[in-house]
Amino acid sequence: MKKNLLMWDETLFRDPEVFEIDYVPEQFNHREAQIQELAFQVRPGLRGGRPLNTICRGIPGTGKTTSVKKVFSEIEEATRKIVPVYINCQIDNTRFAIFSQIYQRVTGRSPPPSGTSFKRVFETLARFLQEKDLVLLVALDDANYLIAENEINQVLYTLLRSYEAYPHVRTGVIAIVSDMSVTLQNEVDVRVASVFRPTEIYFPPYSAAEVHDILKERVIQGFYPNVLSQEMLDLVVEQTLKSGDLRVGIDLLKRAALNAERDARRSIEEEDICKAYEVSRYLHLAFSLRALNSEEREVLAGIAEMSALVDTEIRTGDVYSFVKERAGVSYTRFYGIIQKFDTMRLLNLHYYRHGRGQTRLISLRYDPDRVLEHLGRVQSI
């Protein structure tokens, strides 16, 4: 029996990094067509022109971010004339925050303090691009978050019309959208639409065979031999397909291995996978809550507490009465937060006719107790 037990200094992981969500694999399969199309969109920038604007669209966990990062990595290896900048709009979702990140990436210097005027930050950035004759390519991941914050037009307008005030500044945008109910082209105003004109690249959900292939490759790279049997891999694939998100499967592999290590076993068993799935299935919820500020968390906590008390959908007016004092928000701000939660797929916001008017209804997409549990974890960090 001892032969099957791990020693205290042994591990099941050959390379733990393989199971991190932001890991970009060297061999990235099943998205060759999308990467080729992305490369075509970027190509004018390699010749000193302006990259073509692009929207990468598909549900979460379909390889959009990894494909863009893969192309960015190839650009960095091929040339110094294009500066690719990746922005996570869940975290940086104001114009100032986004351009501060671009400023740091382009100039190599720390962004100016928040008290600095935006005009000054942008002018310094634009002058730097002019002097160095650089092409700027910005990827806005989860760009739909900018719609919720009413920032999408300002960000795109500043990026794409910068050449008007600063001749020869060339910029391109790749917008990554995971909310299939959002058509980004319809959300921008006329000033932006006239210069945006993106090509849309669709990322379809992975098939069962593709999920199996991708996860098997991670297992080979990340675990030592015989840690995960074919039967257990099939179970992980099944759970991944149930969730509809490849990232859940990758996280599930990591957590299942940690569970096995905790019991000092040399291989992953069914109980390790089932136990891990109860955490991994809420991966989207966990990531989303980290992007909220304290005010938004208070509102969401109030919605979860109310939802735990009733089995039906709840009216926005009733929710506002419940949370206005604890969160200290006006109704206008409250409704903006609710719309943001709808965009983030934390809740469903819809309407029903009541007499001559309409009433807005809210329903959480997750179990209220799970939301409150994850909110507690975020607040304790």
# chains A, B, ... in the order shown; residues from 1 in each chain; ligands from 1
>>> residues_around(residues="Met180 (chain A)", least_positions_apart="3", cutoff="12 Å", atoms="only C-alpha atoms", output="number ranges by chain")
A: 56-60, 142, 144, 176-177, 183-184, 202-204, 343-345
>>> residues_around(residues="Glu32 (chain A)", least_positions_apart="2", cutoff="12 Å", atoms="only C-alpha atoms", output="count of residues only")
18
>>> residues_around(residues="Asp189 (chain A)", least_positions_apart="5", cutoff="10 Å", atoms="only C-alpha atoms", output="list in words")
Ile152, Asn153, Gln154, Tyr157 and Ser194 of chain A
>>> closest_residue(among="A:Ser321, A:Asn186, A:Thr312, A:Ser330", to="Glu295 (chain A)", atoms="only C-alpha atoms")
A:Ser330
>>> closest_residue(among="A:Glu10, A:Glu313, A:Glu151, A:Glu325", to="Leu364 (chain A)", atoms="only C-alpha atoms")
A:Glu313
>>> select_by_dssp(residues="region 147-363 of chain A", states="helix (DSSP H, G or I)", output="ChimeraX atom specification")
/A:147-148,152-160,162-165,184-187,190-196,208-222,230-243,246-262,270-280,283-290,294-309,316-327,331-343
>>> atom_distance(atom1="CA of Val121 (chain A)", atom2="CA of Gly172 (chain A)")
19.0 Å
>>> residues_around(residues="region 106-111 of chain A", least_positions_apart="3", cutoff="12 Å", atoms="only C-alpha atoms", output="VMD selection string")
chain A and resid 80 to 86 96 to 103 114 to 118 120 to 122 124 to 138
>>> closest_residue(among="A:Leu346, A:Ile220, A:Ile147, A:Cys274", to="Arg370 (chain A)", atoms="only C-alpha atoms")
A:Leu346
>>> closest_residue(among="A:Ser307, A:Ser280, A:Thr171, A:Thr11", to="Phe322 (chain A)", atoms="only C-alpha atoms")
A:Ser307
>>> closest_residue(among="A:Leu283, A:Arg333, A:Thr65, A:Val188", to="Val24 (chain A)", atoms="only C-alpha atoms")
A:Thr65
>>> closest_residue(among="A:Leu156, A:Leu285, A:Ile174, A:Leu146", to="Glu200 (chain A)", atoms="only C-alpha atoms")
A:Ile174
>>> atom_distance(atom1="CA of Glu305 (chain A)", atom2="CA of Lys324 (chain A)")
13.8 Å
>>> atom_distance(atom1="CA of Asp234 (chain A)", atom2="CA of Arg31 (chain A)")
22.1 Å
>>> select_by_dssp(residues="region 125-370 of chain A", states="strand (DSSP E or B)", output="ChimeraX atom specification")
/A:135-141,170-177,199-202,223,265,314-315,347-354,357-364
>>> residues_around(residues="Trp8 (chain A)", least_positions_apart="2", cutoff="12 Å", atoms="only C-alpha atoms", output="ChimeraX atom specification")
/A:5-6,10-12,261-266
>>> write_last_selection(atoms="all heavy atoms", output="mmCIF file, in the first residue's frame")
data_model
loop_
_atom_site.group_PDB
_atom_site.id
_atom_site.type_symbol
_atom_site.label_atom_id
_atom_site.label_comp_id
_atom_site.auth_asym_id
_atom_site.auth_seq_id
_atom_site.Cartn_x
_atom_site.Cartn_y
_atom_site.Cartn_z
ATOM 1 N N LEU A 5 1.321 5.591 -2.013
ATOM 2 C CA LEU A 5 1.188 6.834 -1.269
ATOM 3 C C LEU A 5 2.338 7.783 -1.607
ATOM 4 O O LEU A 5 3.482 7.366 -1.748
ATOM 5 C CB LEU A 5 1.176 6.557 0.238
ATOM 6 C CG LEU A 5 -0.050 5.825 0.788
ATOM 7 C CD1 LEU A 5 0.107 5.614 2.286
ATOM 8 C CD2 LEU A 5 -1.323 6.600 0.506
ATOM 9 N N LEU A 6 1.987 9.056 -1.732
ATOM 10 C CA LEU A 6 3.009 10.074 -1.989
ATOM 11 C C LEU A 6 3.848 10.313 -0.737
ATOM 12 O O LEU A 6 3.318 10.325 0.380
ATOM 13 C CB LEU A 6 2.357 11.401 -2.377
ATOM 14 C CG LEU A 6 1.785 11.541 -3.785
ATOM 15 C CD1 LEU A 6 1.060 12.881 -3.887
ATOM 16 C CD2 LEU A 6 2.864 11.461 -4.845
ATOM 17 N N GLU A 10 6.786 14.786 -2.456
ATOM 18 C CA GLU A 10 6.428 14.414 -3.827
ATOM 19 C C GLU A 10 5.169 15.162 -4.282
ATOM 20 O O GLU A 10 4.383 15.647 -3.470
ATOM 21 C CB GLU A 10 6.195 12.899 -3.917
ATOM 22 C CG GLU A 10 7.460 12.072 -3.798
ATOM 23 C CD GLU A 10 7.181 10.590 -3.994
ATOM 24 O OE1 GLU A 10 6.335 10.046 -3.268
ATOM 25 O OE2 GLU A 10 7.809 9.988 -4.875
ATOM 26 N N THR A 11 4.983 15.206 -5.596
ATOM 27 C CA THR A 11 3.822 15.902 -6.151
ATOM 28 C C THR A 11 3.315 15.177 -7.392
ATOM 29 O O THR A 11 4.071 14.416 -8.026
ATOM 30 C CB THR A 11 4.179 17.357 -6.523
ATOM 31 O OG1 THR A 11 3.034 17.986 -7.103
ATOM 32 C CG2 THR A 11 5.329 17.422 -7.532
ATOM 33 N N LEU A 12 2.057 15.421 -7.741
ATOM 34 C CA LEU A 12 1.471 14.859 -8.972
ATOM 35 C C LEU A 12 1.729 15.757 -10.170
ATOM 36 O O LEU A 12 1.534 15.358 -11.314
ATOM 37 C CB LEU A 12 -0.039 14.676 -8.796
ATOM 38 C CG LEU A 12 -0.500 13.803 -7.625
ATOM 39 C CD1 LEU A 12 -2.026 13.709 -7.601
ATOM 40 C CD2 LEU A 12 0.108 12.409 -7.717
ATOM 41 N N GLU A 261 -3.552 14.841 -3.847
ATOM 42 C CA GLU A 261 -2.309 15.102 -3.099
ATOM 43 C C GLU A 261 -2.581 15.234 -1.605
ATOM 44 O O GLU A 261 -1.797 14.765 -0.775
ATOM 45 C CB GLU A 261 -1.639 16.379 -3.605
ATOM 46 C CG GLU A 261 -0.816 16.196 -4.860
ATOM 47 C CD GLU A 261 0.078 17.389 -5.153
ATOM 48 O OE1 GLU A 261 -0.118 18.468 -4.547
ATOM 49 O OE2 GLU A 261 0.981 17.254 -5.995
ATOM 50 N N ARG A 262 -3.694 15.876 -1.280
ATOM 51 C CA ARG A 262 -4.034 16.067 0.130
ATOM 52 C C ARG A 262 -4.174 14.720 0.842
ATOM 53 O O ARG A 262 -3.847 14.585 2.017
ATOM 54 C CB ARG A 262 -5.330 16.878 0.246
ATOM 55 C CG ARG A 262 -5.660 17.294 1.678
ATOM 56 C CD ARG A 262 -6.931 18.124 1.731
ATOM 57 N NE ARG A 262 -6.781 19.383 1.018
ATOM 58 C CZ ARG A 262 -7.500 19.742 -0.042
ATOM 59 N NH1 ARG A 262 -8.423 18.926 -0.527
ATOM 60 N NH2 ARG A 262 -7.301 20.903 -0.623
ATOM 61 N N ASP A 263 -4.677 13.719 0.096
ATOM 62 C CA ASP A 263 -4.821 12.377 0.674
ATOM 63 C C ASP A 263 -3.605 11.499 0.389
ATOM 64 O O ASP A 263 -3.645 10.284 0.607
ATOM 65 C CB ASP A 263 -6.076 11.701 0.111
ATOM 66 C CG ASP A 263 -7.349 12.369 0.606
ATOM 67 O OD1 ASP A 263 -7.299 13.041 1.656
ATOM 68 O OD2 ASP A 263 -8.397 12.246 -0.062
ATOM 69 N N ALA A 264 -2.537 12.136 -0.141
ATOM 70 C CA ALA A 264 -1.253 11.457 -0.403
ATOM 71 C C ALA A 264 -1.389 10.298 -1.383
ATOM 72 O O ALA A 264 -0.665 9.302 -1.303
ATOM 73 C CB ALA A 264 -0.633 10.967 0.907
ATOM 74 N N ARG A 265 -2.344 10.434 -2.355
ATOM 75 C CA ARG A 265 -2.513 9.390 -3.373
ATOM 76 C C ARG A 265 -1.764 9.753 -4.652
ATOM 77 O O ARG A 265 -1.633 10.923 -4.975
ATOM 78 C CB ARG A 265 -3.998 9.184 -3.669
ATOM 79 C CG ARG A 265 -4.684 8.311 -2.637
ATOM 80 C CD ARG A 265 -6.146 8.033 -2.957
ATOM 81 N NE ARG A 265 -6.999 9.129 -2.492
ATOM 82 C CZ ARG A 265 -7.513 10.068 -3.256
ATOM 83 N NH1 ARG A 265 -7.242 10.080 -4.558
ATOM 84 N NH2 ARG A 265 -8.281 11.014 -2.761
ATOM 85 N N ARG A 266 -1.322 8.725 -5.371
ATOM 86 C CA ARG A 266 -0.536 8.925 -6.586
ATOM 87 C C ARG A 266 -1.403 9.076 -7.835
ATOM 88 O O ARG A 266 -0.877 9.296 -8.932
ATOM 89 C CB ARG A 266 0.439 7.762 -6.797
ATOM 90 C CG ARG A 266 1.535 7.727 -5.751
ATOM 91 C CD ARG A 266 2.503 6.591 -6.020
ATOM 92 N NE ARG A 266 3.600 6.613 -5.063
ATOM 93 C CZ ARG A 266 4.697 7.348 -5.199
ATOM 94 N NH1 ARG A 266 4.845 8.106 -6.259
ATOM 95 N NH2 ARG A 266 5.646 7.309 -4.280
#
>>> residues_around(residues="Gly302 (chain A)", least_positions_apart="6", cutoff="12 Å", atoms="only C-alpha atoms", output="ChimeraX atom specification")
/A:295-296,308-309,314,316,318-327,334,338,364,368-369,371-372,375
